[in-house]
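Visitor: TSV, C-alpha atoms, saved as start_32.tsv, coming up:
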```
chain	number	residue	atom	x	y	z
A	220	MET	CA	51.98	36.69	121.39
A	221	THR	CA	48.75	35.11	122.63
A	222	THR	CA	45.45	35.46	120.89
A	223	GLY	CA	41.98	35.19	122.34
A	224	PRO	CA	40.94	35.33	125.97
A	225	PRO	CA	42.81	33.56	128.75
A	226	PRO	CA	41.58	30.00	129.29
A	227	ASN	CA	39.77	30.84	132.55
A	228	ILE	CA	37.51	33.52	131.00
A	229	ASP	CA	34.17	32.30	129.64
A	230	THR	CA	33.50	34.22	126.41
A	231	ALA	CA	29.77	33.44	126.76
A	232	TRP	CA	29.61	35.27	130.12
A	233	LYS	CA	27.36	38.36	129.90
A	234	PRO	CA	28.83	40.74	132.48
A	235	VAL	CA	26.66	43.24	134.29
A	236	LEU	CA	27.41	45.53	137.23
A	237	SER	CA	26.59	44.12	140.63
A	238	ARG	CA	23.61	45.66	142.40
A	239	SER	CA	25.76	47.61	144.82
A	240	VAL	CA	27.84	49.21	142.04
A	241	VAL	CA	26.85	52.32	140.09
A	242	PHE	CA	28.65	53.53	136.95
A	243	ARG	CA	28.77	57.33	136.67
A	244	HIS	CA	30.54	59.98	134.67
A	245	ASP	CA	31.85	62.96	136.65
A	246	ARG	CA	31.40	65.89	134.28
A	247	VAL	CA	33.51	68.25	136.39
A	248	ARG	CA	36.58	65.99	136.30
A	249	ASP	CA	35.62	64.33	133.00
A	250	LYS	CA	36.25	60.92	134.56
A	251	ASP	CA	34.23	57.72	134.69
A	252	LEU	CA	33.60	56.35	138.16
A	253	LEU	CA	32.38	53.23	139.87
A	254	VAL	CA	30.46	54.20	142.98
A	255	LEU	CA	30.48	51.42	145.57
A	256	PRO	CA	29.30	51.36	149.15
A	257	GLU	CA	31.71	53.61	151.08
A	258	ARG	CA	34.11	53.84	148.13
A	259	VAL	CA	34.55	55.47	144.72
A	260	VAL	CA	36.85	54.03	142.05
A	261	VAL	CA	38.13	56.46	139.41
A	262	LEU	CA	38.43	54.58	136.13
A	263	GLN	CA	41.47	55.14	133.94
A	264	GLY	CA	41.97	54.89	130.19
A	265	ASN	CA	39.23	53.06	128.30
A	266	ALA	CA	37.78	51.27	131.33
A	267	GLY	CA	34.59	53.31	131.08
A	268	SER	CA	34.03	52.38	127.45
A	269	ILE	CA	34.41	48.72	128.38
A	270	LEU	CA	31.97	48.97	131.28
A	271	ARG	CA	29.38	50.76	129.15
A	272	LEU	CA	29.11	47.51	127.20
A	273	CYS	CA	28.58	45.43	130.36
A	274	ASP	CA	24.80	45.55	130.27
A	275	GLY	CA	23.99	41.86	130.72
A	276	ALA	CA	23.06	41.58	127.03
A	277	ASN	CA	26.58	41.56	125.53
A	278	ASP	CA	28.77	38.54	126.14
A	279	VAL	CA	32.54	38.87	126.48
A	280	GLY	CA	33.02	37.91	122.83
A	281	ALA	CA	30.67	40.68	121.65
A	282	ILE	CA	32.34	43.22	123.94
A	283	VAL	CA	35.77	42.30	122.55
A	284	ALA	CA	34.48	42.45	118.95
A	285	THR	CA	32.90	45.88	119.50
A	286	LEU	CA	36.03	47.31	121.08
A	287	ALA	CA	38.31	45.72	118.46
A	288	ALA	CA	36.28	47.48	115.74
A	289	GLN	CA	36.55	50.80	117.62
A	290	HIS	CA	40.28	50.41	118.35
A	291	PRO	CA	41.92	48.54	115.44
A	292	GLY	CA	45.29	47.10	116.32
A	293	ALA	CA	44.76	47.38	120.09
A	294	PRO	CA	45.22	44.13	122.06
A	295	VAL	CA	41.59	44.07	123.25
A	296	ALA	CA	41.22	40.29	122.81
A	297	ASP	CA	44.01	39.76	125.35
A	298	GLU	CA	43.39	42.63	127.76
A	299	VAL	CA	39.61	43.11	128.00
A	300	PRO	CA	38.74	39.60	129.27
A	301	VAL	CA	41.47	39.87	131.91
A	302	PHE	CA	40.14	43.29	133.00
A	303	LEU	CA	36.59	41.94	133.22
A	304	GLY	CA	37.83	38.94	135.18
A	305	ARG	CA	39.52	41.24	137.70
A	306	LEU	CA	36.34	43.26	138.17
A	307	ARG	CA	34.38	40.03	138.61
A	308	ALA	CA	36.88	38.85	141.24
A	309	GLU	CA	36.39	42.15	143.10
A	310	GLY	CA	32.64	41.51	143.09
A	311	TRP	CA	31.90	44.55	140.95
A	312	LEU	CA	30.59	42.49	138.02
A	313	LYS	CA	28.38	39.46	138.06
```
Write the structure described by the file as structure tokens, please.

Guide:
Amino acid sequence: MTTGPPPNIDTAWKPVLSRSVVFRHDRVRDKDLLVLPERVVVLQGNAGSILRLCDGANDVGAIVATLAAQHPGAPVADEVPVFLGRLRAEGWLK
């Protein structure tokens, strides 16, 4: 079992949504969404709680620590940096 973020994820990175991306909560469906130009992404699981922490002030380490405190025993140190890296690769985070 690995611990900590993958080697290619900078824990000092302070993720924030790209300018063209809007985070919204759809009250009717009770789902978190990413609204992009000509596209809407419905977020699953705890993705919304992760993205709420992506405000440009929290670095990856702080995001992982916050989520680890909220979800003891969950593999957040392994999974959250990978998730953030994927969103960064899509251009949704900068």

Visitor: Write out as a PDB file with C-alpha atoms, in the coordinates of the input each polymer residue whose atoms come within 10 Å of Gly310 of chain A, counting only C-alpha atoms; drop sequence neighbours fewer than 5 positions from it.

Guide:
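What landed in out_33.pdb:
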```
ATOM      1  CA  LEU A 236      27.410  45.530 137.230  1.00  0.00           C
ATOM      2  CA  SER A 237      26.590  44.120 140.630  1.00  0.00           C
ATOM      3  CA  ARG A 238      23.610  45.660 142.400  1.00  0.00           C
ATOM      4  CA  SER A 239      25.760  47.610 144.820  1.00  0.00           C
ATOM      5  CA  VAL A 240      27.840  49.210 142.040  1.00  0.00           C
ATOM      6  CA  GLY A 304      37.830  38.940 135.180  1.00  0.00           C
ATOM      7  CA  ARG A 305      39.520  41.240 137.700  1.00  0.00           C
TER       8      ARG A 305
END
```

Visitor: In Å to one decimal, how far is atom CA of Val247 of chain A from atom CA of Ile269 of chain A?

Guide: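 Value for the atom CA of Ile269 of chain A-atom CA of Val247 of chain A distance: 21.1 Å.
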
Visitor: What does the structure give for the distance between atom CA of Phe242 of chain A and atom CA of Gly275 of chain A, in Å to one decimal?

Guide: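 Between atom CA of Phe242 of chain A and atom CA of Gly275 of chain A the gap is 14.0 Å.
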
Visitor: Between atom CA of Arg271 of chain A and atom CA of Glu298 of chain A, what distance in Å does the model show, to one decimal?

Guide: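 Spanning atom CA of Arg271 of chain A to atom CA of Glu298 of chain A is a straight-line distance of 16.3 Å.
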
Visitor: Find the residue from A:Gly280, A:Pro256, A:Gly264, A:Gly292 that sits nearest to Trp232 of chain A; use all atoms listed in the file when measuring.

Guide: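 With all atoms listed in the file as the atom set, the closest residue is A:Gly280.
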
Visitor: Could you check the closest approach to Thr230 of chain A for each of A:Ala296, A:Asn265, A:Arg243, A:Ala287 and tell me which residue wins, using only C-alpha atoms?

Guide: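 With only C-alpha atoms as the atom set, the closest residue is A:Ala296.
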
Visitor: Could you check the closest approach to Lys233 of chain A for each of A:Leu252, A:Val260, A:Val279, A:Leu270 and tell me which residue wins, using only C-alpha atoms?

Guide: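 The closest residue to Lys233 of chain A is A:Val279.
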
Visitor: Given the choices A:Ile228, A:Leu255, A:Leu286, A:Val301, which gets closest to Leu272 of chain A if the distance is worked out from only C-alpha atoms?

Guide: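 Nearest to Leu272 of chain A: A:Leu286.
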
Visitor: Would you mind telling me which residue in A:Thr285, A:Pro294, A:Phe302, A:Asp229 lies nearest to Gln263 of chain A when using only C-alpha atoms?

Guide: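 Residue with the minimum atom-to-atom distance to Gln263 of chain A: A:Phe302.
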
Visitor: Just checking: using all atoms listed in the file, which residue out of A:Ser268, A:Leu253, A:Cys273, A:Arg307 ends up closest to His290 of chain A?

Guide: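 Of all the options, A:Ser268 lies closest to His290 of chain A.
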
Visitor: Build an axis-aligned box that encloses every atom of segment 273-279 of chain A listed in the file, pad it by 3 Å on each side, and report its centre and edge lengths in Å to one decimal, as lines of an AutoDock Vina configuration file.

Guide:
```
center_x = 27.8
center_y = 42.0
center_z = 128.1
size_x = 15.5
size_y = 13.0
size_z = 11.2
```
